[in-house]
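Structure first, commentary second.
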Amino acid sequence: WCAIELALLDALAKENSQSIEQLIGAPQLNESYQYTAVLGEASLSLCRRQIEQYHQLRFTDFKVKISGKPAFDSERVALIHSLVPRARIRLDANNVWSETATVLDYLDKLDFKPFAIEEPLQAKDYKELNKLIKLSPIPLILDESFCNMSHFSQLTAEAGNIIINLRLSKMGGILRSIEIAREAQRRNIPLIIGAQVGESSILTRAALTVASESIIAREGAFGTYLLESDITDTPIMFGTKGRFILK
């Protein structure tokens with residue numbers, strides 16, 4: 001549905017000689033956008049090479065996919081801190097645990113304190129999730145556990161320990177994403193604009209339309225860093241400091 005909506009909005013905007021933002025009454029684009037460095041669950045040697053590449057581009061914001069083993073994950077993060085001492089680091093657990101106590105034990109054994117942790121529990125297990133939100137020493141990022149407006153009502157814990165990962169493809173397009181962003185801002189819930197791994201610049205461009213004071217990080221803009229070729233003439237890709245400069 002996201003793809004269908006984007007195609008319809010694009011056609012309507014072109015017919016009216018407008019940008020997508022003008023068509024739907026959204027704010028015009030900013031001059032630049034800053035993106036997060038993403039590290040997959042890889043060997044230490046590969047991880048080191050990736051960190052060095054990000055360091056050369058002067059990234060300061062990192063997302064690290066974790067193994068669930070505190071010693072191994074701490075060692076990978078130590079590599080980041082060795083090159084970027086003040087890096088802001090969040091973890092992505094990809095629903096590896098099923099109990100709050102296990103998550104808290106993992107966090108306690110880490111050699112560092114991450115900024116936040118994404119999806120540590122099974123997706124949409126709201127009973128356990130609300131329990132963890134109340135007890136976690138760091139914010140929880142909701143991705144698979146937050147897909148539409150109805151999921152606001154599933155969260156009974158205080159919003160101060162929640163961050164929503166808003167991916168346009170997951171939410172079903174721009175219009176639904178903007179609706180969720182507005183409600184999140186009303187509830188004082190921060191947002192991360194997420195991305196699909198290896199997405200084209202069409203989806204990266206669409207995500208720029210979502211503007212909110214609640215956005216604390218953006219993912220994506222890898223373009224041909226990951227793809228052999230993009231399907232747009234000018235790929236949207238981050239550069240120095242992880243920034244994409246709108247020309």
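As shown in the structure tokens, the chain order sets the letters A, B, ...; within each chain, residues go from 1, and ligands are also counted from 1 in the order they appear.
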**OP:** Would you mind writing down, as number ranges by chain, each residue of range 16-241 of chain A that DSSP on the backbone assigns to alpha helix (DSSP H)?
**Re:** A: 20-24, 44-56, 70-83, 100-109, 126-135, 168-171, 174-186, 201-208
Subject >> Selection: 9 Å around range 198-214 of chain A, only C-alpha atoms, excl. self and same-chain fewer than 4 positions, as a ChimeraX atom specification >> reply: /A:3,6,20-21,26-30,33,167-169,173-175,177-178,181-182,184-185,188-194,219-227,229-232,234-237
Subject >> Nearby residues (only C-alpha atoms) at most 12 Å from Ile66 in chain A, same-chain spacing under 2 positions excluded, as a PyMOL selection string >> reply: chain A and resi 38-43+47+63-64+68-77+89-97+106-107+110+114+117-120
Original post:
Could you state the separation of CA of Leu57 in chain A and CA of Ile245 in chain A in Å, given to one decimal place?
Top reply: 14.1 Å
**OP:** For range 143-155 of chain A, work out the shell of residues within 7 Å, counting only C-alpha atoms and skipping chain neighbours fewer than 5 positions away, then give it as number ranges by chain.
**Re:** A: 119, 123-124, 126, 130, 164-165, 170-171, 180
I need the chosen residues saved as a PDB file, in the first residue's frame, with N, CA, C and O atoms.
ATOM      1  N   GLU A 119      13.428  -3.059  20.219  1.00  0.00           N
ATOM      2  CA  GLU A 119      12.736  -4.344  20.150  1.00  0.00           C
ATOM      3  C   GLU A 119      13.478  -5.487  20.854  1.00  0.00           C
ATOM      4  O   GLU A 119      13.811  -6.508  20.232  1.00  0.00           O
ATOM      5  N   ALA A 123       7.810  -9.381  19.365  1.00  0.00           N
ATOM      6  CA  ALA A 123       6.989  -8.334  18.776  1.00  0.00           C
ATOM      7  C   ALA A 123       5.549  -8.399  19.271  1.00  0.00           C
ATOM      8  O   ALA A 123       4.941  -9.478  19.329  1.00  0.00           O
ATOM      9  N   LYS A 124       5.029  -7.228  19.665  1.00  0.00           N
ATOM     10  CA  LYS A 124       3.634  -7.043  20.068  1.00  0.00           C
ATOM     11  C   LYS A 124       3.257  -7.812  21.336  1.00  0.00           C
ATOM     12  O   LYS A 124       2.068  -8.037  21.592  1.00  0.00           O
ATOM     13  N   TYR A 126       2.623  -6.954  24.373  1.00  0.00           N
ATOM     14  CA  TYR A 126       2.454  -5.687  25.089  1.00  0.00           C
ATOM     15  C   TYR A 126       2.434  -5.846  26.598  1.00  0.00           C
ATOM     16  O   TYR A 126       2.835  -4.929  27.320  1.00  0.00           O
ATOM     17  N   ASN A 130       5.127  -3.488  28.327  1.00  0.00           N
ATOM     18  CA  ASN A 130       4.780  -2.432  29.278  1.00  0.00           C
ATOM     19  C   ASN A 130       5.496  -2.613  30.607  1.00  0.00           C
ATOM     20  O   ASN A 130       5.870  -1.639  31.265  1.00  0.00           O
ATOM     21  N   ILE A 164       9.457   5.701  19.094  1.00  0.00           N
ATOM     22  CA  ILE A 164       8.838   4.965  17.988  1.00  0.00           C
ATOM     23  C   ILE A 164       9.742   5.018  16.762  1.00  0.00           C
ATOM     24  O   ILE A 164      10.193   6.095  16.360  1.00  0.00           O
ATOM     25  N   ASN A 165      10.023   3.844  16.189  1.00  0.00           N
ATOM     26  CA  ASN A 165      10.712   3.768  14.907  1.00  0.00           C
ATOM     27  C   ASN A 165       9.647   3.822  13.816  1.00  0.00           C
ATOM     28  O   ASN A 165       8.876   2.878  13.632  1.00  0.00           O
ATOM     29  N   LYS A 170       6.385   0.355   6.628  1.00  0.00           N
ATOM     30  CA  LYS A 170       5.669  -0.388   7.684  1.00  0.00           C
ATOM     31  C   LYS A 170       4.336   0.269   8.014  1.00  0.00           C
ATOM     32  O   LYS A 170       3.326  -0.419   8.223  1.00  0.00           O
ATOM     33  N   MET A 171       4.326   1.601   8.046  1.00  0.00           N
ATOM     34  CA  MET A 171       3.118   2.339   8.425  1.00  0.00           C
ATOM     35  C   MET A 171       2.091   2.399   7.289  1.00  0.00           C
ATOM     36  O   MET A 171       0.936   2.734   7.506  1.00  0.00           O
ATOM     37  N   ILE A 180       0.688   9.485  12.516  1.00  0.00           N
ATOM     38  CA  ILE A 180       1.341   8.900  13.689  1.00  0.00           C
ATOM     39  C   ILE A 180       2.350   9.878  14.283  1.00  0.00           C
ATOM     40  O   ILE A 180       2.439  10.030  15.501  1.00  0.00           O
TER      41      ILE A 180
END
Subject >> Shell around Pro139 in chain A at 10 Å using only C-alpha atoms, local window under 4 positions removed, as a list in words >> reply: Arg90, Pro114, Phe115, Ala116, Ile117, Glu118, Leu132, Ile133, Lys134, Leu135, Ala159, Gly160, Asn161, Ile162 and Ile163 of chain A
Save out the residues we just selected, N, CA, C and O atoms, as a PDB file, in the first residue's frame.
ATOM      1  N   ARG A  90      22.810   3.367  19.930  1.00  0.00           N
ATOM      2  CA  ARG A  90      21.606   2.631  20.291  1.00  0.00           C
ATOM      3  C   ARG A  90      21.734   1.204  19.778  1.00  0.00           C
ATOM      4  O   ARG A  90      22.431   0.948  18.791  1.00  0.00           O
ATOM      5  N   PRO A 114      23.998   2.225  26.615  1.00  0.00           N
ATOM      6  CA  PRO A 114      23.508   2.689  25.317  1.00  0.00           C
ATOM      7  C   PRO A 114      22.466   3.786  25.484  1.00  0.00           C
ATOM      8  O   PRO A 114      21.866   3.945  26.547  1.00  0.00           O
ATOM      9  N   PHE A 115      22.262   4.515  24.402  1.00  0.00           N
ATOM     10  CA  PHE A 115      21.253   5.573  24.395  1.00  0.00           C
ATOM     11  C   PHE A 115      19.843   4.977  24.499  1.00  0.00           C
ATOM     12  O   PHE A 115      18.958   5.517  25.165  1.00  0.00           O
ATOM     13  N   ALA A 116      19.624   3.828  23.811  1.00  0.00           N
ATOM     14  CA  ALA A 116      18.317   3.167  23.804  1.00  0.00           C
ATOM     15  C   ALA A 116      18.506   1.761  23.244  1.00  0.00           C
ATOM     16  O   ALA A 116      19.556   1.431  22.687  1.00  0.00           O
ATOM     17  N   ILE A 117      17.461   0.934  23.380  1.00  0.00           N
ATOM     18  CA  ILE A 117      17.505  -0.414  22.813  1.00  0.00           C
ATOM     19  C   ILE A 117      16.200  -0.661  22.056  1.00  0.00           C
ATOM     20  O   ILE A 117      15.119  -0.354  22.529  1.00  0.00           O
ATOM     21  N   GLU A 118      16.339  -1.225  20.850  1.00  0.00           N
ATOM     22  CA  GLU A 118      15.192  -1.442  19.973  1.00  0.00           C
ATOM     23  C   GLU A 118      14.718  -2.888  20.021  1.00  0.00           C
ATOM     24  O   GLU A 118      15.514  -3.815  19.903  1.00  0.00           O
ATOM     25  N   LEU A 132       8.516  -3.965  30.901  1.00  0.00           N
ATOM     26  CA  LEU A 132       9.905  -3.574  30.672  1.00  0.00           C
ATOM     27  C   LEU A 132      10.046  -2.062  30.567  1.00  0.00           C
ATOM     28  O   LEU A 132      11.025  -1.488  31.055  1.00  0.00           O
ATOM     29  N   ILE A 133       9.084  -1.402  29.922  1.00  0.00           N
ATOM     30  CA  ILE A 133       9.130   0.055  29.796  1.00  0.00           C
ATOM     31  C   ILE A 133       9.237   0.712  31.164  1.00  0.00           C
ATOM     32  O   ILE A 133       9.981   1.680  31.355  1.00  0.00           O
ATOM     33  N   LYS A 134       8.516   0.176  32.142  1.00  0.00           N
ATOM     34  CA  LYS A 134       8.534   0.749  33.491  1.00  0.00           C
ATOM     35  C   LYS A 134       9.868   0.514  34.208  1.00  0.00           C
ATOM     36  O   LYS A 134      10.284   1.324  35.028  1.00  0.00           O
ATOM     37  N   LEU A 135      10.544  -0.599  33.879  1.00  0.00           N
ATOM     38  CA  LEU A 135      11.734  -0.991  34.631  1.00  0.00           C
ATOM     39  C   LEU A 135      13.054  -0.691  33.928  1.00  0.00           C
ATOM     40  O   LEU A 135      14.104  -0.655  34.574  1.00  0.00           O
ATOM     41  N   ALA A 159       4.995   7.341  28.777  1.00  0.00           N
ATOM     42  CA  ALA A 159       5.586   7.561  27.456  1.00  0.00           C
ATOM     43  C   ALA A 159       7.033   8.026  27.524  1.00  0.00           C
ATOM     44  O   ALA A 159       7.742   7.991  26.527  1.00  0.00           O
ATOM     45  N   GLY A 160       7.498   8.448  28.673  1.00  0.00           N
ATOM     46  CA  GLY A 160       8.845   8.985  28.790  1.00  0.00           C
ATOM     47  C   GLY A 160       9.949   8.000  28.489  1.00  0.00           C
ATOM     48  O   GLY A 160      11.094   8.396  28.300  1.00  0.00           O
ATOM     49  N   ASN A 161       9.637   6.700  28.434  1.00  0.00           N
ATOM     50  CA  ASN A 161      10.659   5.689  28.185  1.00  0.00           C
ATOM     51  C   ASN A 161      10.439   4.972  26.850  1.00  0.00           C
ATOM     52  O   ASN A 161      10.899   3.859  26.655  1.00  0.00           O
ATOM     53  N   ILE A 162       9.740   5.645  25.918  1.00  0.00           N
ATOM     54  CA  ILE A 162       9.378   5.047  24.633  1.00  0.00           C
ATOM     55  C   ILE A 162       9.880   5.919  23.488  1.00  0.00           C
ATOM     56  O   ILE A 162       9.805   7.142  23.544  1.00  0.00           O
ATOM     57  N   ILE A 163      10.386   5.268  22.439  1.00  0.00           N
ATOM     58  CA  ILE A 163      10.716   5.919  21.172  1.00  0.00           C
ATOM     59  C   ILE A 163      10.085   5.073  20.070  1.00  0.00           C
ATOM     60  O   ILE A 163      10.153   3.842  20.114  1.00  0.00           O
TER      61      ILE A 163
END
**OP:** Enumerate as a PyMOL selection string all residues of range 26-111 of chain A assigned to strand (DSSP E) by DSSP on the backbone, naming them with the chain letters and numbers the document uses.
**Re:** chain A and resi 32-34+37-39+61-65+88-92
Once you have the residues from the selection above, write them out as a PDB file, in the first residue's frame, restricted to N, CA and C atoms.
ATOM      1  N   SER A  32      19.297  20.123   4.773  1.00  0.00           N
ATOM      2  CA  SER A  32      20.122  18.935   5.000  1.00  0.00           C
ATOM      3  C   SER A  32      19.460  18.012   6.019  1.00  0.00           C
ATOM      4  N   TYR A  33      19.846  16.733   5.950  1.00  0.00           N
ATOM      5  CA  TYR A  33      19.327  15.717   6.862  1.00  0.00           C
ATOM      6  C   TYR A  33      20.494  14.854   7.320  1.00  0.00           C
ATOM      7  N   GLN A  34      20.503  14.521   8.600  1.00  0.00           N
ATOM      8  CA  GLN A  34      21.602  13.725   9.149  1.00  0.00           C
ATOM      9  C   GLN A  34      21.135  12.306   9.413  1.00  0.00           C
ATOM     10  N   ALA A  37      24.724   5.816  11.341  1.00  0.00           N
ATOM     11  CA  ALA A  37      25.534   4.688  10.885  1.00  0.00           C
ATOM     12  C   ALA A  37      24.936   3.401  11.448  1.00  0.00           C
ATOM     13  N   VAL A  38      24.833   2.375  10.630  1.00  0.00           N
ATOM     14  CA  VAL A  38      24.235   1.107  11.056  1.00  0.00           C
ATOM     15  C   VAL A  38      25.267  -0.008  10.930  1.00  0.00           C
ATOM     16  N   LEU A  39      25.436  -0.742  12.033  1.00  0.00           N
ATOM     17  CA  LEU A  39      26.366  -1.873  12.047  1.00  0.00           C
ATOM     18  C   LEU A  39      25.574  -3.160  12.238  1.00  0.00           C
ATOM     19  N   ASP A  61      26.537   9.195  15.240  1.00  0.00           N
ATOM     20  CA  ASP A  61      25.342   8.491  15.703  1.00  0.00           C
ATOM     21  C   ASP A  61      25.362   7.077  15.128  1.00  0.00           C
ATOM     22  N   PHE A  62      25.268   6.048  15.999  1.00  0.00           N
ATOM     23  CA  PHE A  62      25.407   4.654  15.578  1.00  0.00           C
ATOM     24  C   PHE A  62      24.251   3.797  16.068  1.00  0.00           C
ATOM     25  N   LYS A  63      23.827   2.879  15.193  1.00  0.00           N
ATOM     26  CA  LYS A  63      22.878   1.831  15.568  1.00  0.00           C
ATOM     27  C   LYS A  63      23.600   0.499  15.404  1.00  0.00           C
ATOM     28  N   VAL A  64      23.603  -0.315  16.456  1.00  0.00           N
ATOM     29  CA  VAL A  64      24.350  -1.568  16.457  1.00  0.00           C
ATOM     30  C   VAL A  64      23.398  -2.736  16.636  1.00  0.00           C
ATOM     31  N   LYS A  65      23.371  -3.636  15.651  1.00  0.00           N
ATOM     32  CA  LYS A  65      22.611  -4.885  15.788  1.00  0.00           C
ATOM     33  C   LYS A  65      23.370  -5.793  16.749  1.00  0.00           C
ATOM     34  N   ARG A  88      26.955   8.564  20.004  1.00  0.00           N
ATOM     35  CA  ARG A  88      25.664   8.176  20.585  1.00  0.00           C
ATOM     36  C   ARG A  88      25.301   6.827  19.982  1.00  0.00           C
ATOM     37  N   ILE A  89      25.095   5.834  20.839  1.00  0.00           N
ATOM     38  CA  ILE A  89      24.915   4.452  20.368  1.00  0.00           C
ATOM     39  C   ILE A  89      23.586   3.896  20.863  1.00  0.00           C
ATOM     40  N   ARG A  90      22.810   3.367  19.930  1.00  0.00           N
ATOM     41  CA  ARG A  90      21.606   2.631  20.291  1.00  0.00           C
ATOM     42  C   ARG A  90      21.734   1.204  19.778  1.00  0.00           C
ATOM     43  N   LEU A  91      21.065   0.283  20.437  1.00  0.00           N
ATOM     44  CA  LEU A  91      21.160  -1.129  20.105  1.00  0.00           C
ATOM     45  C   LEU A  91      19.867  -1.607  19.448  1.00  0.00           C
ATOM     46  N   ASP A  92      19.984  -2.602  18.578  1.00  0.00           N
ATOM     47  CA  ASP A  92      18.817  -3.227  17.948  1.00  0.00           C
ATOM     48  C   ASP A  92      18.872  -4.718  18.243  1.00  0.00           C
TER      49      ASP A  92
END
Original post:
What's the 9 Å shell around Thr60 in chain A, counting only C-alpha atoms, without same-chain residues fewer than 3 positions away, as a VMD selection string?
Top reply: chain A and resid 36 to 37 54 to 55 84 to 89 241 to 242
Original post:
Between CA of Leu46 in chain A and CA of Val197 in chain A, what is the distance, to one decimal in Å?
Top reply: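 Straight-line distance from CA of Leu46 in chain A to CA of Val197 in chain A works out to 18.1 Å.
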Original post:
Could you work out how far CA of Glu228 in chain A lies from CA of Ile51 in chain A, giving the answer in Å with one decimal?
Top reply: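 CA of Ile51 in chain A sits 21.4 Å away from CA of Glu228 in chain A.
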